[in-house]
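Trainee: Pasting structure-v1.txt below, which is compact mmCIF, C-alpha atoms.
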```txt
# COMPACT_ATOMS: atom_id res chain seq x y z
CA MET A 25 -24.12 0.60 -16.02
CA ALA A 26 -20.43 0.67 -15.29
CA THR A 27 -18.13 2.02 -17.96
CA VAL A 28 -15.63 -0.74 -17.36
CA GLU A 29 -15.90 -3.86 -15.23
CA LEU A 30 -13.05 -6.05 -14.16
CA ARG A 31 -13.01 -9.44 -12.47
CA PHE A 32 -9.80 -11.06 -11.37
CA SER A 33 -8.81 -14.14 -9.39
CA ALA A 34 -7.85 -13.25 -5.85
CA GLN A 35 -4.11 -13.22 -6.49
CA PRO A 36 -1.77 -10.41 -5.44
CA GLU A 37 -0.15 -10.15 -8.89
CA HIS A 38 -3.42 -8.98 -10.44
CA VAL A 39 -3.82 -5.98 -8.14
CA ARG A 40 -1.35 -4.02 -10.24
CA THR A 41 -3.46 -4.67 -13.34
CA ALA A 42 -6.52 -3.34 -11.53
CA ARG A 43 -4.59 -0.18 -10.57
CA LEU A 44 -3.46 0.42 -14.13
CA VAL A 45 -6.94 -0.11 -15.59
CA ALA A 46 -8.59 2.10 -12.97
CA ALA A 47 -6.11 4.93 -13.56
CA ALA A 48 -6.53 4.68 -17.34
CA VAL A 49 -10.34 4.77 -17.15
CA ALA A 50 -10.28 7.59 -14.58
CA ARG A 51 -7.99 9.65 -16.81
CA ARG A 52 -10.31 9.10 -19.75
CA ALA A 53 -13.33 10.05 -17.64
CA GLY A 54 -11.76 13.42 -16.87
CA VAL A 55 -10.47 12.94 -13.33
CA ASP A 56 -7.80 15.57 -12.66
CA GLU A 57 -4.24 14.42 -13.39
CA ALA A 58 -3.16 15.48 -9.90
CA VAL A 59 -5.70 13.09 -8.38
CA LEU A 60 -4.83 10.04 -10.49
CA ASP A 61 -2.13 8.95 -8.03
CA GLU A 62 -4.78 8.89 -5.31
CA VAL A 63 -7.15 6.88 -7.50
CA ARG A 64 -4.38 4.39 -8.22
CA LEU A 65 -3.46 4.03 -4.56
CA ALA A 66 -7.05 3.84 -3.28
CA VAL A 67 -8.15 1.20 -5.78
CA GLY A 68 -4.96 -0.76 -5.04
CA GLU A 69 -5.70 -0.69 -1.32
CA ALA A 70 -9.31 -1.79 -1.83
CA CYS A 71 -8.27 -4.61 -4.17
CA SER A 72 -5.43 -5.77 -1.87
CA ARG A 73 -7.92 -5.93 0.97
CA ALA A 74 -10.43 -7.90 -1.11
CA VAL A 75 -7.71 -10.32 -2.27
CA GLY A 76 -6.62 -10.81 1.35
CA LEU A 77 -10.19 -11.46 2.48
CA HIS A 78 -10.87 -13.99 -0.31
CA ARG A 79 -7.63 -15.83 0.37
CA SER A 80 -7.96 -15.93 4.14
CA HIS A 81 -11.55 -17.22 3.84
CA GLY A 82 -10.72 -19.67 1.05
CA ILE A 83 -13.17 -18.12 -1.38
CA PRO A 84 -12.44 -19.09 -5.01
CA SER A 85 -14.60 -16.47 -6.72
CA PRO A 86 -13.01 -13.41 -8.35
CA VAL A 87 -12.74 -9.91 -6.93
CA LYS A 88 -14.94 -7.44 -8.80
CA VAL A 89 -14.12 -3.88 -9.76
CA ALA A 90 -16.65 -1.56 -11.41
CA LEU A 91 -15.46 1.75 -12.83
CA THR A 92 -18.33 4.10 -13.57
CA GLU A 93 -18.31 7.46 -15.26
CA GLU A 94 -21.27 9.57 -14.19
CA GLU A 95 -22.21 13.12 -15.08
CA LYS A 96 -20.09 14.86 -12.46
CA THR A 97 -18.28 12.04 -10.73
CA PHE A 98 -16.17 9.00 -11.42
CA SER A 99 -16.82 6.12 -9.06
CA ILE A 100 -15.09 2.87 -8.29
CA GLU A 101 -16.66 -0.08 -6.51
CA VAL A 102 -14.51 -2.93 -5.31
CA GLY A 103 -16.55 -5.93 -4.25
CA ASP A 104 -15.64 -9.08 -2.36
CA ASP A 105 -17.67 -12.21 -1.63
CA VAL A 106 -16.86 -12.48 2.06
CA PRO A 107 -20.03 -12.21 4.17
CA GLY A 108 -19.89 -9.39 6.70
CA SER A 109 -16.52 -8.19 5.42
CA GLY A 110 -17.01 -4.61 6.61
CA ALA A 111 -14.51 -2.69 8.66
CA SER A 112 -15.12 -4.68 11.85
CA ALA A 113 -14.52 -8.08 10.24
CA ALA A 114 -11.31 -6.93 8.61
CA GLY A 115 -10.16 -5.30 11.80
CA ALA A 116 -10.16 -8.53 13.77
CA PRO A 117 -7.07 -10.47 12.70
CA GLU A 118 -7.61 -13.11 15.37
CA ALA A 119 -10.84 -14.05 13.62
CA ARG A 120 -9.08 -14.78 10.34
CA PRO A 121 -8.02 -18.38 9.90
CA GLY A 122 -4.40 -18.99 8.98
CA VAL A 123 -3.22 -15.57 10.07
CA ASP A 124 -1.11 -15.28 13.17
CA PRO A 125 -2.31 -12.14 14.94
CA HIS A 126 1.10 -11.74 16.55
CA ASP A 127 2.97 -11.55 13.26
CA ALA A 128 4.53 -8.09 13.26
CA ASP A 129 3.88 -7.52 9.58
CA VAL A 130 0.37 -8.89 9.22
CA ASP A 131 -1.17 -7.42 12.34
CA GLY A 132 -3.06 -4.28 11.50
CA GLU A 133 -2.46 -4.32 7.74
CA ASP A 134 -6.18 -4.29 6.93
CA GLU A 135 -6.82 -1.31 9.16
CA MET A 136 -3.89 0.48 7.59
CA GLY A 137 -5.35 -0.13 4.12
CA LEU A 138 -8.70 1.32 5.16
CA ALA A 139 -6.90 4.19 6.91
CA VAL A 140 -5.07 5.02 3.68
CA ILE A 141 -8.33 4.93 1.70
CA SER A 142 -10.19 7.15 4.14
CA GLY A 143 -7.22 9.52 4.32
CA LEU A 144 -7.10 9.82 0.54
CA VAL A 145 -10.69 9.78 -0.59
CA ASP A 146 -13.28 12.27 0.63
CA ASP A 147 -16.24 10.27 -0.63
CA VAL A 148 -15.88 6.68 0.50
CA LYS A 149 -18.40 4.16 1.78
CA VAL A 150 -17.75 0.68 3.13
CA VAL A 151 -20.82 -1.55 2.92
CA SER A 152 -21.00 -5.11 4.15
CA GLY A 153 -23.81 -7.52 3.54
CA ALA A 154 -24.61 -11.22 3.74
CA ASP A 155 -23.22 -11.73 0.23
CA GLY A 156 -20.04 -9.75 0.69
CA GLY A 157 -18.66 -6.26 1.05
CA VAL A 158 -18.22 -3.29 -1.24
CA ILE A 159 -15.91 -0.30 -0.95
CA ARG A 160 -17.35 2.55 -2.97
CA MET A 161 -15.22 5.60 -3.72
CA SER A 162 -15.86 8.55 -5.97
CA TRP A 163 -14.01 11.55 -7.32
CA PRO A 164 -15.24 14.68 -9.08
CA ILE A 165 -14.73 14.96 -12.82
CA ALA A 166 -13.17 18.16 -14.14
CA PRO A 167 -15.49 19.98 -16.56
CA ALA A 168 -14.64 19.11 -20.15
CA VAL A 169 -12.61 21.71 -21.99
CA PRO A 170 -13.91 22.10 -25.54
CA LEU A 171 -11.34 21.47 -28.26
CA SER A 172 -10.41 24.66 -30.03
CA MET B 24 7.22 -2.71 -13.03
CA ASP B 25 8.69 -5.12 -10.53
CA LEU B 26 10.58 -4.47 -7.35
CA SER B 27 14.35 -4.08 -7.39
CA LEU B 28 16.53 -4.39 -4.31
CA SER B 29 20.23 -3.89 -3.71
CA THR B 30 22.20 -3.52 -0.50
CA ARG B 31 25.57 -2.03 0.37
CA ASN B 32 27.46 -1.32 3.58
CA VAL B 33 28.55 2.19 4.45
CA SER B 34 30.51 3.45 7.46
CA GLY B 35 29.01 6.35 9.35
CA PRO B 36 29.99 8.27 12.48
CA GLY B 37 27.69 6.01 14.50
CA GLY B 38 29.10 2.80 13.01
CA ASP B 39 28.29 0.61 10.02
CA ARG B 40 25.04 1.16 8.18
CA THR B 41 23.40 -1.07 5.61
CA VAL B 42 21.78 0.86 2.79
CA VAL B 43 18.90 -0.94 1.08
CA GLU B 44 18.14 0.68 -2.26
CA VAL B 45 14.56 -0.05 -3.33
CA GLY B 46 13.19 0.60 -6.81
CA GLY B 47 9.88 0.01 -8.57
CA GLU B 48 6.56 -0.80 -6.94
CA ILE B 49 6.03 -1.99 -3.37
CA ASP B 50 2.56 -3.52 -3.21
CA VAL B 51 0.72 -6.61 -2.03
CA TYR B 52 2.56 -8.72 -4.65
CA THR B 53 6.13 -7.43 -4.24
CA ALA B 54 6.18 -6.50 -0.52
CA PRO B 55 7.05 -10.08 0.58
CA LYS B 56 10.39 -9.75 -1.29
CA LEU B 57 11.24 -6.61 0.67
CA ARG B 58 10.15 -8.34 3.90
CA GLU B 59 12.46 -11.29 3.14
CA GLN B 60 15.35 -8.93 2.46
CA LEU B 61 14.88 -7.04 5.74
CA VAL B 62 14.46 -10.25 7.76
CA GLU B 63 17.60 -11.69 6.17
CA LEU B 64 19.64 -8.57 6.97
CA VAL B 65 18.55 -8.59 10.61
CA ASN B 66 19.21 -12.34 10.88
CA ASP B 67 22.71 -11.70 9.52
CA GLY B 68 23.35 -9.09 12.20
CA SER B 69 22.68 -5.84 10.30
CA TYR B 70 20.70 -3.83 12.82
CA HIS B 71 21.18 -0.31 11.44
CA LEU B 72 19.34 0.03 8.15
CA VAL B 73 18.82 2.91 5.75
CA VAL B 74 16.06 2.23 3.24
CA ASP B 75 16.54 4.43 0.18
CA MET B 76 13.10 4.90 -1.41
CA GLU B 77 14.10 7.42 -4.08
CA GLY B 78 13.56 4.86 -6.84
CA VAL B 79 10.13 3.77 -5.58
CA ASP B 80 7.26 4.52 -7.97
CA PHE B 81 4.45 3.14 -5.86
CA LEU B 82 3.97 2.27 -2.19
CA ASP B 83 0.83 0.97 -0.49
CA SER B 84 -0.14 -0.08 3.02
CA THR B 85 1.33 -3.56 2.52
CA GLY B 86 4.69 -1.88 1.96
CA LEU B 87 4.17 0.30 5.03
CA GLY B 88 3.42 -2.87 7.03
CA VAL B 89 6.72 -4.40 5.90
CA LEU B 90 8.67 -1.27 6.89
CA VAL B 91 6.97 -1.22 10.31
CA GLY B 92 7.81 -4.92 10.67
CA GLY B 93 11.45 -4.14 9.79
CA LEU B 94 11.53 -1.36 12.36
CA LYS B 95 10.22 -3.72 15.06
CA ARG B 96 12.90 -6.25 14.18
CA VAL B 97 15.85 -3.84 14.31
CA ARG B 98 14.54 -2.23 17.49
CA ALA B 99 14.56 -5.64 19.15
CA HIS B 100 18.35 -5.43 18.69
CA GLU B 101 18.55 -1.75 19.64
CA GLY B 102 19.04 -0.93 15.98
CA SER B 103 17.56 1.70 13.70
CA LEU B 104 15.67 1.96 10.42
CA ARG B 105 15.86 5.26 8.57
CA LEU B 106 14.16 6.16 5.33
CA VAL B 107 15.38 8.34 2.47
CA CYS B 108 12.55 9.90 0.51
CA ASN B 109 11.88 13.21 -1.24
CA GLN B 110 8.89 12.20 -3.34
CA GLU B 111 5.77 14.01 -2.27
CA ARG B 112 3.37 11.26 -3.37
CA ILE B 113 5.23 8.69 -1.25
CA LEU B 114 5.65 11.04 1.73
CA LYS B 115 1.91 11.70 1.66
CA ILE B 116 1.19 8.04 2.49
CA PHE B 117 3.45 8.24 5.53
CA ARG B 118 1.70 11.43 6.62
CA ILE B 119 -1.90 10.21 6.32
CA THR B 120 -1.07 7.07 8.31
CA GLY B 121 0.83 9.03 10.98
CA LEU B 122 4.03 7.09 10.24
CA THR B 123 6.11 10.26 9.81
CA LYS B 124 6.20 10.20 13.63
CA VAL B 125 7.49 6.63 13.62
CA PHE B 126 10.21 6.72 10.96
CA PRO B 127 13.07 9.20 10.72
CA ILE B 128 12.82 10.40 7.09
CA HIS B 129 15.88 11.95 5.46
CA THR B 130 16.45 13.77 2.18
CA THR B 131 19.75 12.05 1.29
CA VAL B 132 21.46 8.74 2.02
CA ASP B 133 24.49 10.65 3.35
CA GLU B 134 22.30 12.48 5.86
CA ALA B 135 20.68 9.22 6.99
CA VAL B 136 24.06 7.48 7.36
CA ALA B 137 25.44 10.45 9.32
CA ALA B 138 22.49 10.57 11.73
CA THR B 139 23.29 9.23 15.17
CA ASP B 140 20.42 10.44 17.37
```
Please render this file's structure as structure tokens.
Mentor:
Amino acid sequence: MATVELRFSAQPEHVRTARLVAAAVARRAGVDEAVLDEVRLAVGEACSRAVGLHRSHGIPSPVKVALTEEEKTFSIEVGDDVPGSGASAAGAPEARPGVDPHDADVDGEDEMGLAVISGLVDDVKVVSGADGGVIRMSWPIAPAVPLS
Amino acid sequence: MDLSLSTRNVSGPGGDRTVVEVGGEIDVYTAPKLREQLVELVNDGSYHLVVDMEGVDFLDSTGLGVLVGGLKRVRAHEGSLRLVCNQERILKIFRITGLTKVFPIHTTVDEAVAATD
């Protein structure tokens, strides 16, 4: 069971909240301070992507974030409800309704988000299914230092 | 923390430069404000921009997309877009996306304004 679960309406203003919660839970779980910036950025990218997918497909359901503390790792799963939303679906802007593929700023943003995630996180998996997609990322937890 | 933006004009050896000082967080929510600012500057004829990112606490790929969009716009007018950034955590994002090869990145605003190459 996840340590903390978060659901938020697919609106850009909530992505910051997801970043703050993820960083706070990761810190508590024992993820190294030096890595927290990466956690914050990676979860932000995954949530931004999910928000974009929900909005461009007109899906009203919330984006889901599960933050799980395991024995040696801390994992984050960001789930969307867009069928077949894996890397290939996101990488085809011409297939997304309402998005002009020739817009200089929109073109390629999804790929850049995934590129940032894969550049930052060693352990990342992008799964897409008929019910939606999940980006799963995990980080090692530093061994607990006993209080003296 | 929200995004803050301010602009000022500075004369350099290569001509006038517009310095855009950005502070706070550039993400999927705030990036449209930066995009509007850059579009407005280019529409008003400012084609040589220096984006000072020293006050930026957070930058994601949406922000990168806006900067790339800004670069495309100024280049269409034979202009330039230079960045000022010394923060390792921000520079890292430019490195992992290969954008350090796309943007000239300077350590000070003075250096960016003085650059003419």
Trainee: Give me, as a tab-separated table, each residue of chain B that comes within 6 Å of chain A, together with its shortest interatomic pair and the distance in Å at one decimal, counting only C-alpha atoms, with rows ordered by chain and rising residue number.
Mentor:
```
residue	atom	partner	partner_atom	distance
B:Val51	CA	A:Pro36	CA	5.7
B:Tyr52	CA	A:Pro36	CA	4.7
B:Ser84	CA	A:Gly137	CA	5.3
B:Gly88	CA	A:Asp129	CA	5.3
B:Val89	CA	A:Asp129	CA	5.6
B:Gly92	CA	A:Asp129	CA	4.8
B:Ile119	CA	A:Gly143	CA	5.7
```
Trainee: For B:Asp133, which of B:Leu90, B:Asp25, B:Ile49, B:Val73 is the closest residue, counting only C-alpha atoms?
Mentor: B:Val73
Trainee: Counting only C-alpha atoms, which residue out of A:Ala74, A:Val151, A:Leu30, A:Ala53 sits closest to A:Ile165?
Mentor: A:Ala53
Trainee: Hey, can you check how far atom CA of B:Val132 sits from atom CA of B:Val107?
Mentor: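 Atom CA of B:Val132 sits 6.1 Å away from atom CA of B:Val107.
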Trainee: Record the distance separating atom CA of A:Ser33 and atom CA of B:Thr53, expressed in Å with one decimal.
Mentor: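 Computed distance, atom CA of A:Ser33 to atom CA of B:Thr53, equals 17.2 Å.
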Trainee: Hey, what's within 10 Å of B:Thr130 if we count only C-alpha atoms and toss same-chain stuff fewer than 5 positions away? As a ChimeraX atom specification, please?
Mentor: /B:75,77,106-110,135
Trainee: Just give me the gap between atom CA of B:Pro36 and atom CA of B:Gly68 in Å, one decimal is fine.
Mentor: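 Calculated distance between atom CA of B:Pro36 and atom CA of B:Gly68 is 18.6 Å.
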Trainee: Write out as a PyMOL selection string which residues come within 9 Å of B:Ser34 when counting all atoms listed in the file, dropping same-chain ones fewer than 5 positions away.
Mentor: chain B and resi 39-41+136-137
Trainee: Could you list as a PyMOL selection string every residue that has an atom within 12 Å of (19.1, -7.6, 7.9), using the file's coordinates and counting only C-alpha atoms?
Mentor: chain B and resi 30-32+40-43+57-74+92-94+96-98+100+102-104
